[in-house]
$ cat my_file-v3.csv   # CSV, C-alpha atoms
chain,number,residue,atom,x,y,z
A,199,MET,CA,19.3,21.7,-2.8
A,200,PHE,CA,22.1,19.5,-4.2
A,201,GLY,CA,24.9,21.5,-2.9
A,202,THR,CA,27.8,22.9,-4.9
A,203,PRO,CA,27.7,21.7,-8.5
A,204,ALA,CA,30.4,19.5,-9.9
A,205,GLY,CA,30.6,22.0,-12.8
A,206,THR,CA,29.0,24.6,-14.9
A,207,GLU,CA,29.5,25.3,-18.6
A,208,ILE,CA,27.9,26.8,-21.7
A,209,GLY,CA,24.9,24.7,-22.6
A,210,TYR,CA,24.7,22.7,-25.8
A,211,TRP,CA,21.6,24.7,-26.9
A,212,PRO,CA,21.9,28.4,-27.7
A,213,ASN,CA,21.5,30.8,-24.8
A,214,THR,CA,21.7,28.0,-22.2
A,215,GLN,CA,23.9,27.5,-19.1
A,216,ALA,CA,24.5,23.9,-17.9
A,217,VAL,CA,24.9,23.0,-14.3
A,218,PHE,CA,25.7,19.4,-13.3
A,219,TYR,CA,26.1,17.2,-10.2
A,220,HIS,CA,27.6,13.8,-9.6
A,221,LEU,CA,25.3,12.8,-6.7
A,222,ILE,CA,26.8,9.3,-6.4
A,223,PRO,CA,30.1,9.1,-8.2
A,224,ASN,CA,30.0,6.6,-11.1
A,225,ARG,CA,26.3,5.9,-10.4
A,226,VAL,CA,24.0,8.9,-10.5
A,227,SER,CA,24.6,12.3,-12.3
A,228,LEU,CA,22.1,15.1,-12.7
A,229,GLY,CA,22.2,18.1,-15.1
A,230,PHE,CA,20.1,21.2,-15.5
A,231,LEU,CA,20.0,23.6,-18.5
A,232,PHE,CA,18.9,27.2,-17.7
A,233,ASP,CA,18.0,30.0,-20.1
A,234,LYS,CA,20.8,32.5,-19.7
A,235,LYS,CA,18.6,35.6,-19.9
A,236,SER,CA,15.6,34.6,-17.7
A,237,GLY,CA,17.3,31.9,-15.5
A,238,LYS,CA,14.3,29.6,-16.3
A,239,LEU,CA,14.9,25.9,-16.1
A,240,ARG,CA,14.5,24.5,-19.7
A,241,GLN,CA,15.9,20.9,-19.5
A,242,THR,CA,16.7,18.3,-16.9
A,243,GLU,CA,19.0,15.3,-17.3
A,244,ALA,CA,19.9,12.3,-15.3
A,245,ALA,CA,22.3,9.4,-15.9
A,246,PHE,CA,22.2,6.2,-14.0
A,247,SER,CA,24.6,3.2,-14.0
A,248,GLN,CA,23.1,-0.2,-14.3
A,249,GLN,CA,23.7,-0.8,-10.6
A,250,VAL,CA,20.9,1.7,-9.8
A,251,ASP,CA,17.6,-0.1,-9.3
A,252,LEU,CA,14.7,0.4,-11.6
A,253,GLN,CA,12.4,1.7,-8.9
A,254,THR,CA,14.8,4.6,-8.1
A,255,ILE,CA,15.0,5.5,-11.8
A,256,LEU,CA,11.1,5.4,-12.1
A,257,ILE,CA,10.7,7.7,-9.1
A,258,THR,CA,13.3,10.1,-10.7
A,259,LEU,CA,11.6,10.0,-14.1
A,260,ASN,CA,8.2,10.8,-12.4
A,261,SER,CA,9.7,13.8,-10.7
A,262,MET,CA,11.6,15.0,-13.8
A,263,SER,CA,8.4,14.8,-15.9
A,264,GLY,CA,6.4,16.8,-13.4
A,265,CYS,CA,4.6,13.8,-12.0
A,266,ARG,CA,3.4,12.8,-15.4
A,267,LEU,CA,4.6,9.2,-15.3
A,268,ASN,CA,2.2,6.9,-17.1
A,269,SER,CA,2.2,3.2,-18.1
A,270,THR,CA,3.5,4.0,-21.6
A,271,LEU,CA,6.4,6.0,-20.3
A,272,GLU,CA,7.1,3.4,-17.7
A,273,LEU,CA,7.2,0.7,-20.3
A,274,GLY,CA,9.6,2.8,-22.4
A,275,LEU,CA,12.0,3.1,-19.4
A,276,LYS,CA,11.8,-0.6,-18.7
A,277,SER,CA,12.6,-1.5,-22.3
A,278,VAL,CA,15.8,0.5,-22.1
A,279,TYR,CA,16.6,-0.7,-18.6
A,280,ASN,CA,16.2,-4.3,-19.6
A,281,ARG,CA,18.2,-3.7,-22.9
A,282,GLN,CA,15.2,-4.6,-25.1
A,283,ALA,CA,15.6,-1.1,-26.7
A,284,LYS,CA,18.5,1.3,-27.1
A,285,ASP,CA,16.3,4.4,-26.8
A,286,TYR,CA,12.7,5.6,-26.2
A,287,SER,CA,11.5,9.1,-27.2
A,288,PHE,CA,8.3,10.6,-25.8
A,289,ALA,CA,6.2,13.7,-25.4
A,290,VAL,CA,4.0,14.6,-22.5
A,291,ASP,CA,2.0,17.8,-22.5
A,292,SER,CA,4.5,20.6,-23.3
A,293,LEU,CA,7.6,18.4,-22.6
A,294,LYS,CA,9.6,16.2,-24.8
A,295,GLY,CA,12.2,13.6,-23.8
A,296,ILE,CA,14.4,10.7,-24.4
A,297,ILE,CA,15.5,7.7,-22.5
A,298,GLN,CA,18.6,5.9,-23.9
A,299,ARG,CA,21.8,4.1,-23.3
A,300,ASP,CA,24.7,6.5,-23.4
A,301,GLN,CA,28.3,5.8,-24.6
A,302,TYR,CA,29.2,4.6,-21.1
A,303,ASP,CA,26.2,2.1,-20.9
A,304,ARG,CA,24.4,4.3,-18.4
A,305,ILE,CA,20.7,5.0,-18.7
A,306,TYR,CA,20.3,8.7,-19.7
A,307,ILE,CA,17.1,10.6,-19.3
A,308,GLY,CA,16.6,14.0,-20.8
A,309,ILE,CA,13.4,16.0,-20.6
A,310,TRP,CA,13.0,19.5,-22.1
A,311,GLU,CA,10.4,22.1,-22.9
A,312,ALA,CA,9.2,21.3,-26.4
A,313,ASP,CA,10.3,24.6,-27.9
A,314,LEU,CA,13.9,24.3,-26.6
A,315,HIS,CA,15.2,22.2,-29.5
$ encode --input "my_file-v3.csv" --output "structure tokens"
Amino acid sequence: MFGTPAGTEIGYWPNTQAVFYHLIPNRVSLGFLFDKKSGKLRQTEAAFSQQVDLQTILITLNSMSGCRLNSTLELGLKSVYNRQAKDYSFAVDSLKGIIQRDQYDRIYIGIWEADLH
């Protein structure tokens, strides 16, 4: 769907394989962590530069969360986007996640199955 990945490497979490893409260089990156044994997707990640508009990030967050975007989650993203908070952690059904500023001042979103870590 995204073409050839920019790279693959051993995942941070045990028994995972990471695949990542730089969709728009210096603006939008995506990452996926798969279980090595089953090939099942366990975690999704996205990083956005500040130049990416809030609506695009909201649409991506909704997709990453399995269309579970709600007003609380939206407010959490907006607080990080507008620099009112450094991070926002959440749980939705069987998923956990975080929205935060990374070391490069990008907005990082990570969503994983609750039993992954």
$ atom_distance --input "my_file-v3.csv" --atom1 "CA of Asp251 in chain A" --atom2 "CA of Tyr306 in chain A"
13.9 Å
$ residues_near_point --input "my_file-v3.csv" --point "(26.5, 8.1, -11.1)" --cutoff "9 Å" --atoms "only C-alpha atoms" --output "PyMOL selection string"
chain A and resi 220-228+244-247+250+304
$ atom_distance --input "my_file-v3.csv" --atom1 "CA of Gly274 in chain A" --atom2 "CA of Ile297 in chain A"
7.7 Å
$ closest_residue --input "my_file-v3.csv" --among "A:Ala312, A:Arg281, A:Gln241, A:Ala289" --to "Leu267 in chain A" --atoms "all atoms listed in the file"
A:Ala289
$ atom_distance --input "my_file-v3.csv" --atom1 "CA of Pro203 in chain A" --atom2 "CA of Asp291 in chain A"
29.5 Å
$ residues_around --input "my_file-v3.csv" --residues "Leu239 in chain A" --least-positions-apart "2" --cutoff "10 Å" --atoms "all atoms listed in the file" --output "list of chain:residue names"
A:Thr214, A:Gln215, A:Ala216, A:Phe230, A:Leu231, A:Phe232, A:Asp233, A:Lys234, A:Ser236, A:Gly237, A:Gln241, A:Thr242, A:Trp310, A:Glu311
$ write_last_selection --input "my_file-v3.csv" --atoms "C-alpha atoms" --output "PDB file, keeping the file's coordinate frame"
ATOM      1  CA  THR A 214      21.700  28.000 -22.200  1.00  0.00           C
ATOM      2  CA  GLN A 215      23.900  27.500 -19.100  1.00  0.00           C
ATOM      3  CA  ALA A 216      24.500  23.900 -17.900  1.00  0.00           C
ATOM      4  CA  PHE A 230      20.100  21.200 -15.500  1.00  0.00           C
ATOM      5  CA  LEU A 231      20.000  23.600 -18.500  1.00  0.00           C
ATOM      6  CA  PHE A 232      18.900  27.200 -17.700  1.00  0.00           C
ATOM      7  CA  ASP A 233      18.000  30.000 -20.100  1.00  0.00           C
ATOM      8  CA  LYS A 234      20.800  32.500 -19.700  1.00  0.00           C
ATOM      9  CA  SER A 236      15.600  34.600 -17.700  1.00  0.00           C
ATOM     10  CA  GLY A 237      17.300  31.900 -15.500  1.00  0.00           C
ATOM     11  CA  GLN A 241      15.900  20.900 -19.500  1.00  0.00           C
ATOM     12  CA  THR A 242      16.700  18.300 -16.900  1.00  0.00           C
ATOM     13  CA  TRP A 310      13.000  19.500 -22.100  1.00  0.00           C
ATOM     14  CA  GLU A 311      10.400  22.100 -22.900  1.00  0.00           C
TER      15      GLU A 311
END
$ residues_around --input "my_file-v3.csv" --residues "Tyr279 in chain A" --least-positions-apart "3" --cutoff "9 Å" --atoms "all atoms listed in the file" --output "VMD selection string"
chain A and resid 248 252 274 to 276 282 to 284 298 to 299 305
$ closest_residue --input "my_file-v3.csv" --among "A:Gln301, A:Val290, A:Ile307, A:Trp211" --to "Gly264 in chain A" --atoms "all atoms listed in the file"
A:Val290
$ closest_residue --input "my_file-v3.csv" --among "A:Leu256, A:Ile296, A:Ile208, A:Val217" --to "Ser269 in chain A" --atoms "all atoms listed in the file"
A:Leu256
$ residues_near_point --input "my_file-v3.csv" --point "(31.0, 22.9, -15.8)" --cutoff "7 Å" --atoms "only C-alpha atoms" --output "list in words"
Ala204, Gly205, Thr206, Glu207, Ala216, Val217 and Phe218 of chain A
$ closest_residue --input "my_file-v3.csv" --among "A:Val278, A:Leu314, A:Ser263, A:Leu293" --to "Gly209 in chain A" --atoms "all atoms listed in the file"
A:Leu314
$ build_atoms --input "my_file-v3.csv" --residues "range 272-307 of chain A" --atoms "N, CA and C atoms" --output "PDB file, keeping the file's coordinate frame"
ATOM      1  N   GLU A 272       6.514   4.384 -18.495  1.00  0.00           N
ATOM      2  CA  GLU A 272       7.100   3.400 -17.700  1.00  0.00           C
ATOM      3  C   GLU A 272       7.624   2.177 -18.500  1.00  0.00           C
ATOM      4  N   LEU A 273       6.814   1.756 -19.459  1.00  0.00           N
ATOM      5  CA  LEU A 273       7.200   0.700 -20.300  1.00  0.00           C
ATOM      6  C   LEU A 273       8.435   1.052 -21.196  1.00  0.00           C
ATOM      7  N   GLY A 274       8.487   2.316 -21.625  1.00  0.00           N
ATOM      8  CA  GLY A 274       9.600   2.800 -22.400  1.00  0.00           C
ATOM      9  C   GLY A 274      10.911   2.729 -21.565  1.00  0.00           C
ATOM     10  N   LEU A 275      10.842   3.163 -20.316  1.00  0.00           N
ATOM     11  CA  LEU A 275      12.000   3.100 -19.400  1.00  0.00           C
ATOM     12  C   LEU A 275      12.410   1.630 -19.205  1.00  0.00           C
ATOM     13  N   LYS A 276      11.442   0.782 -18.933  1.00  0.00           N
ATOM     14  CA  LYS A 276      11.800  -0.600 -18.700  1.00  0.00           C
ATOM     15  C   LYS A 276      12.408  -1.287 -19.894  1.00  0.00           C
ATOM     16  N   SER A 277      11.979  -0.921 -21.096  1.00  0.00           N
ATOM     17  CA  SER A 277      12.600  -1.500 -22.300  1.00  0.00           C
ATOM     18  C   SER A 277      14.036  -1.143 -22.443  1.00  0.00           C
ATOM     19  N   VAL A 278      14.393   0.097 -22.081  1.00  0.00           N
ATOM     20  CA  VAL A 278      15.800   0.500 -22.100  1.00  0.00           C
ATOM     21  C   VAL A 278      16.561  -0.104 -20.971  1.00  0.00           C
ATOM     22  N   TYR A 279      15.984  -0.093 -19.792  1.00  0.00           N
ATOM     23  CA  TYR A 279      16.600  -0.700 -18.600  1.00  0.00           C
ATOM     24  C   TYR A 279      16.957  -2.139 -18.808  1.00  0.00           C
ATOM     25  N   ASN A 280      16.012  -2.875 -19.410  1.00  0.00           N
ATOM     26  CA  ASN A 280      16.200  -4.300 -19.600  1.00  0.00           C
ATOM     27  C   ASN A 280      16.897  -4.638 -20.945  1.00  0.00           C
ATOM     28  N   ARG A 281      17.406  -3.602 -21.616  1.00  0.00           N
ATOM     29  CA  ARG A 281      18.200  -3.700 -22.900  1.00  0.00           C
ATOM     30  C   ARG A 281      17.347  -4.334 -24.016  1.00  0.00           C
ATOM     31  N   GLN A 282      16.043  -4.124 -23.976  1.00  0.00           N
ATOM     32  CA  GLN A 282      15.200  -4.600 -25.100  1.00  0.00           C
ATOM     33  C   GLN A 282      15.137  -3.486 -26.171  1.00  0.00           C
ATOM     34  N   ALA A 283      15.497  -2.246 -25.793  1.00  0.00           N
ATOM     35  CA  ALA A 283      15.600  -1.100 -26.700  1.00  0.00           C
ATOM     36  C   ALA A 283      16.747  -0.263 -26.373  1.00  0.00           C
ATOM     37  N   LYS A 284      17.333   0.383 -27.373  1.00  0.00           N
ATOM     38  CA  LYS A 284      18.500   1.300 -27.100  1.00  0.00           C
ATOM     39  C   LYS A 284      17.983   2.655 -26.658  1.00  0.00           C
ATOM     40  N   ASP A 285      16.806   3.078 -27.168  1.00  0.00           N
ATOM     41  CA  ASP A 285      16.300   4.400 -26.800  1.00  0.00           C
ATOM     42  C   ASP A 285      14.763   4.399 -26.872  1.00  0.00           C
ATOM     43  N   TYR A 286      14.186   5.411 -26.242  1.00  0.00           N
ATOM     44  CA  TYR A 286      12.700   5.600 -26.200  1.00  0.00           C
ATOM     45  C   TYR A 286      12.493   7.122 -26.175  1.00  0.00           C
ATOM     46  N   SER A 287      11.820   7.660 -27.183  1.00  0.00           N
ATOM     47  CA  SER A 287      11.500   9.100 -27.200  1.00  0.00           C
ATOM     48  C   SER A 287      10.009   9.252 -26.833  1.00  0.00           C
ATOM     49  N   PHE A 288       9.693  10.397 -26.228  1.00  0.00           N
ATOM     50  CA  PHE A 288       8.300  10.600 -25.800  1.00  0.00           C
ATOM     51  C   PHE A 288       7.989  12.101 -25.734  1.00  0.00           C
ATOM     52  N   ALA A 289       6.708  12.378 -25.645  1.00  0.00           N
ATOM     53  CA  ALA A 289       6.200  13.700 -25.400  1.00  0.00           C
ATOM     54  C   ALA A 289       5.050  13.626 -24.440  1.00  0.00           C
ATOM     55  N   VAL A 290       5.057  14.516 -23.456  1.00  0.00           N
ATOM     56  CA  VAL A 290       4.000  14.600 -22.500  1.00  0.00           C
ATOM     57  C   VAL A 290       3.659  16.043 -22.256  1.00  0.00           C
ATOM     58  N   ASP A 291       2.446  16.412 -22.626  1.00  0.00           N
ATOM     59  CA  ASP A 291       2.000  17.800 -22.500  1.00  0.00           C
ATOM     60  C   ASP A 291       3.019  18.696 -23.291  1.00  0.00           C
ATOM     61  N   SER A 292       3.609  19.675 -22.623  1.00  0.00           N
ATOM     62  CA  SER A 292       4.500  20.600 -23.300  1.00  0.00           C
ATOM     63  C   SER A 292       5.994  20.163 -23.150  1.00  0.00           C
ATOM     64  N   LEU A 293       6.218  18.910 -22.745  1.00  0.00           N
ATOM     65  CA  LEU A 293       7.600  18.400 -22.600  1.00  0.00           C
ATOM     66  C   LEU A 293       7.879  17.319 -23.608  1.00  0.00           C
ATOM     67  N   LYS A 294       9.139  17.249 -23.993  1.00  0.00           N
ATOM     68  CA  LYS A 294       9.600  16.200 -24.800  1.00  0.00           C
ATOM     69  C   LYS A 294      10.784  15.515 -24.092  1.00  0.00           C
ATOM     70  N   GLY A 295      11.085  14.274 -24.458  1.00  0.00           N
ATOM     71  CA  GLY A 295      12.200  13.600 -23.800  1.00  0.00           C
ATOM     72  C   GLY A 295      12.683  12.392 -24.473  1.00  0.00           C
ATOM     73  N   ILE A 296      13.770  11.880 -23.923  1.00  0.00           N
ATOM     74  CA  ILE A 296      14.400  10.700 -24.400  1.00  0.00           C
ATOM     75  C   ILE A 296      14.964   9.875 -23.259  1.00  0.00           C
ATOM     76  N   ILE A 297      14.874   8.579 -23.374  1.00  0.00           N
ATOM     77  CA  ILE A 297      15.500   7.700 -22.500  1.00  0.00           C
ATOM     78  C   ILE A 297      16.401   6.786 -23.339  1.00  0.00           C
ATOM     79  N   GLN A 298      17.691   6.700 -23.018  1.00  0.00           N
ATOM     80  CA  GLN A 298      18.600   5.900 -23.900  1.00  0.00           C
ATOM     81  C   GLN A 298      19.802   5.447 -23.125  1.00  0.00           C
ATOM     82  N   ARG A 299      20.511   4.531 -23.751  1.00  0.00           N
ATOM     83  CA  ARG A 299      21.800   4.100 -23.300  1.00  0.00           C
ATOM     84  C   ARG A 299      22.845   5.078 -23.809  1.00  0.00           C
ATOM     85  N   ASP A 300      23.686   5.636 -22.931  1.00  0.00           N
ATOM     86  CA  ASP A 300      24.700   6.500 -23.400  1.00  0.00           C
ATOM     87  C   ASP A 300      25.992   5.755 -23.757  1.00  0.00           C
ATOM     88  N   GLN A 301      27.040   6.471 -24.147  1.00  0.00           N
ATOM     89  CA  GLN A 301      28.300   5.800 -24.600  1.00  0.00           C
ATOM     90  C   GLN A 301      28.977   5.071 -23.457  1.00  0.00           C
ATOM     91  N   TYR A 302      28.569   5.319 -22.207  1.00  0.00           N
ATOM     92  CA  TYR A 302      29.200   4.600 -21.100  1.00  0.00           C
ATOM     93  C   TYR A 302      28.256   3.523 -20.521  1.00  0.00           C
ATOM     94  N   ASP A 303      27.207   3.167 -21.288  1.00  0.00           N
ATOM     95  CA  ASP A 303      26.200   2.100 -20.900  1.00  0.00           C
ATOM     96  C   ASP A 303      25.365   2.539 -19.737  1.00  0.00           C
ATOM     97  N   ARG A 304      25.276   3.840 -19.482  1.00  0.00           N
ATOM     98  CA  ARG A 304      24.400   4.300 -18.400  1.00  0.00           C
ATOM     99  C   ARG A 304      23.014   4.605 -19.060  1.00  0.00           C
ATOM    100  N   ILE A 305      22.000   4.626 -18.229  1.00  0.00           N
ATOM    101  CA  ILE A 305      20.700   5.000 -18.700  1.00  0.00           C
ATOM    102  C   ILE A 305      20.580   6.536 -18.544  1.00  0.00           C
ATOM    103  N   TYR A 306      20.415   7.204 -19.670  1.00  0.00           N
ATOM    104  CA  TYR A 306      20.300   8.700 -19.700  1.00  0.00           C
ATOM    105  C   TYR A 306      18.868   9.043 -19.935  1.00  0.00           C
ATOM    106  N   ILE A 307      18.386  10.004 -19.161  1.00  0.00           N
ATOM    107  CA  ILE A 307      17.100  10.600 -19.300  1.00  0.00           C
ATOM    108  C   ILE A 307      17.217  12.067 -19.524  1.00  0.00           C
TER     109      ILE A 307
END
